[in-house]
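**Student:** Structure below; questions to follow.
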Amino acid sequence: MSAAIIRSARAAQPAGRLLFSLFAIVMFVVALPAPSALAHDAAPTSAKPQGWSYPFACCANYDCRTTHTGEVLEKPEGYVIAGTGEVVPMSDKRVKDSPDGDFHWCAHQAGLDAGKTICLFVPPRSY
C-alpha cells in the first residue's frame, strides 16, 4: 500500500468511530420513554376504582403518595405531618379535597425543602 492510502485510511477511522458514537447516542435517546407532561396517578381504591391523577402542580411524578394511618393527624391547629412535625393549617391553599376519601401527601423528596408539603389531600372532615 502506498503511504497516501494508509494515511487516508487512518484518517477515516476516527470519523467512522465518531459517526458510530453519534448513531449509538441517537438510538439510546430514541429508546428512552418520553417524559410525561401529566402528573402520576393515585392507586385505585374502592371509592375510586379507576384511580385518579394528582394535579401537576402538586407533584413531579414521584412527590405524592397515599399516607399510612397516623402519618397525618387532624389537630386543632391544622393537619400535622407526623414524620416531620410540619403543621399545615386547614385553611392553607395546599389543602385539597381527597377524591377517594384517603389522605395523600405530596412533599419535596430532595434538596433544602425535602419533606416540606406541596399539597395535602384530605378526606371530608367528620364532626
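By order of appearance in the C-alpha cells: chains A, B, ..., then residues from 1 within every chain, and ligands from 1 in the order shown.
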Would you tabulate, counting only C-alpha atoms, all residues of stretch 95-123 of chain A that have an atom at most 9 Å from an atom of stretch 74-83 of chain A, showing the closest pair of atoms and their distance in Å to one decimal, sorted by chain then ascending number, as a Markdown table?

**Tutor:**
```
| residue | atom | partner | partner_atom | distance |
| --- | --- | --- | --- | --- |
| A:Trp105 | CA | A:Ile81 | CA | 8.8 |
| A:Gly115 | CA | A:Gly83 | CA | 8.5 |
| A:Thr117 | CA | A:Ile81 | CA | 8.7 |
| A:Leu120 | CA | A:Tyr79 | CA | 8.8 |
```

**Student:** Next, the residues of the selection above should be written as a short mmCIF file (atom, residue, chain, number, x, y, z; two decimals), in the first residue's frame with N, CA and C atoms.

**Tutor:**
```
data_model
loop_
_atom_site.label_atom_id
_atom_site.label_comp_id
_atom_site.auth_asym_id
_atom_site.auth_seq_id
_atom_site.Cartn_x
_atom_site.Cartn_y
_atom_site.Cartn_z
N TRP A 105 -50.27 12.69 50.61
CA TRP A 105 -49.29 13.73 50.93
C TRP A 105 -48.33 13.88 49.78
N GLY A 115 -39.16 16.97 52.43
CA GLY A 115 -40.15 16.73 53.48
C GLY A 115 -41.16 17.85 53.65
N THR A 117 -44.33 20.01 52.67
CA THR A 117 -45.57 19.72 51.96
C THR A 117 -45.77 20.62 50.76
N LEU A 120 -51.65 18.59 50.23
CA LEU A 120 -52.15 17.58 51.15
C LEU A 120 -53.62 17.35 50.81
#
```

**Student:** Quick one: of A:Thr84, A:Ser91, A:Ser46, A:Ser98, who's nearest to A:Thr66, counting only C-alpha atoms?

**Tutor:**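 Closest candidate: A:Ser98.
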
**Student:** Considering only C-alpha atoms, return as a list in words whatever protein or nucleic-acid residues lie within 7 Å of A:His108, sequence-local ones (same chain, fewer than 5 positions apart) excluded.

**Tutor:**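 Neighbouring residues, sequence-local ones excluded: Asp63, Asp113, Ala114, Gly115, Lys116, Thr117 and Ile118 of chain A.
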
**Student:** Mind writing the picked residues with N, CA, C and O atoms as a short mmCIF file (atom, residue, chain, number, x, y, z; two decimals), in the first residue's frame?

**Tutor:**
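The resulting file, part-v1.cif, is reproduced below:
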```cif
data_model
loop_
_atom_site.label_atom_id
_atom_site.label_comp_id
_atom_site.auth_asym_id
_atom_site.auth_seq_id
_atom_site.Cartn_x
_atom_site.Cartn_y
_atom_site.Cartn_z
N ASP A 63 -43.68 12.82 43.79
CA ASP A 63 -43.80 13.55 45.04
C ASP A 63 -45.01 13.17 45.89
O ASP A 63 -45.06 13.51 47.05
N ASP A 113 -35.77 21.70 50.63
CA ASP A 113 -37.17 21.60 51.00
C ASP A 113 -37.64 20.17 51.23
O ASP A 113 -38.84 19.92 51.32
N ALA A 114 -36.74 19.21 51.31
CA ALA A 114 -37.11 17.81 51.47
C ALA A 114 -38.05 17.64 52.67
O ALA A 114 -37.78 18.14 53.75
N GLY A 115 -39.16 16.97 52.43
CA GLY A 115 -40.15 16.73 53.48
C GLY A 115 -41.16 17.85 53.65
O GLY A 115 -42.11 17.71 54.41
N LYS A 116 -41.00 18.95 52.94
CA LYS A 116 -41.95 20.07 53.04
C LYS A 116 -43.15 19.79 52.14
O LYS A 116 -43.02 19.38 51.00
N THR A 117 -44.33 20.01 52.67
CA THR A 117 -45.57 19.72 51.96
C THR A 117 -45.77 20.62 50.76
O THR A 117 -45.64 21.85 50.86
N ILE A 118 -46.12 19.99 49.63
CA ILE A 118 -46.52 20.73 48.43
C ILE A 118 -48.04 20.78 48.40
O ILE A 118 -48.63 21.83 48.21
#
```

**Student:** Do you have the atom CA of A:Pro99-atom CA of A:Pro123 distance handy?

**Tutor:** 7.8 Å

**Student:** Which residue, A:Phe56, A:Gly111, A:Glu86, A:Ala42, has the smallest gap to A:Glu71 when you use only C-alpha atoms?

**Tutor:** A:Glu86

**Student:** For A:His104, work out the shell of residues within 7 Å, counting only C-alpha atoms and skipping chain neighbours fewer than 2 positions away, then give it as a ChimeraX atom specification.

**Tutor:** /A:64-67,102,106,120-122

**Student:** Would you compute the distance between atom CA of A:Gly70 and atom CA of A:Val95? Give it in Å to one decimal.

**Tutor:**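 Answer for the atom CA of A:Gly70 to atom CA of A:Val95 separation: 17.4 Å.
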
**Student:** In Å, with one decimal, what is the gap from atom CA of A:His68 to atom CA of A:Lys93?

**Tutor:**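 Taking atom CA of A:His68 as the start and atom CA of A:Lys93 as the end point, the length is 22.6 Å.
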
**Student:** Taking only C-alpha atoms into account, name the residue in A:Cys119, A:Leu73, A:Ala47, A:Gln109 that is nearest to A:Asp92.

**Tutor:**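 Answer, going by the shortest atom-to-atom distance: A:Cys119.
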
**Student:** Pick from A:Pro44, A:Tyr54, A:Ala110, A:Tyr62: nearest to A:Lys96, with only C-alpha atoms counted?

**Tutor:**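 Nearest candidate to A:Lys96 out of A:Pro44, A:Tyr54, A:Ala110, A:Tyr62: A:Tyr54.
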
**Student:** Nearest to A:Val87: which of A:Leu112, A:Ala107, A:Asp100, A:Val72 is it, counting only C-alpha atoms?

**Tutor:**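 Looking only at the distances to A:Val87, the closest residue turns out to be A:Val72.
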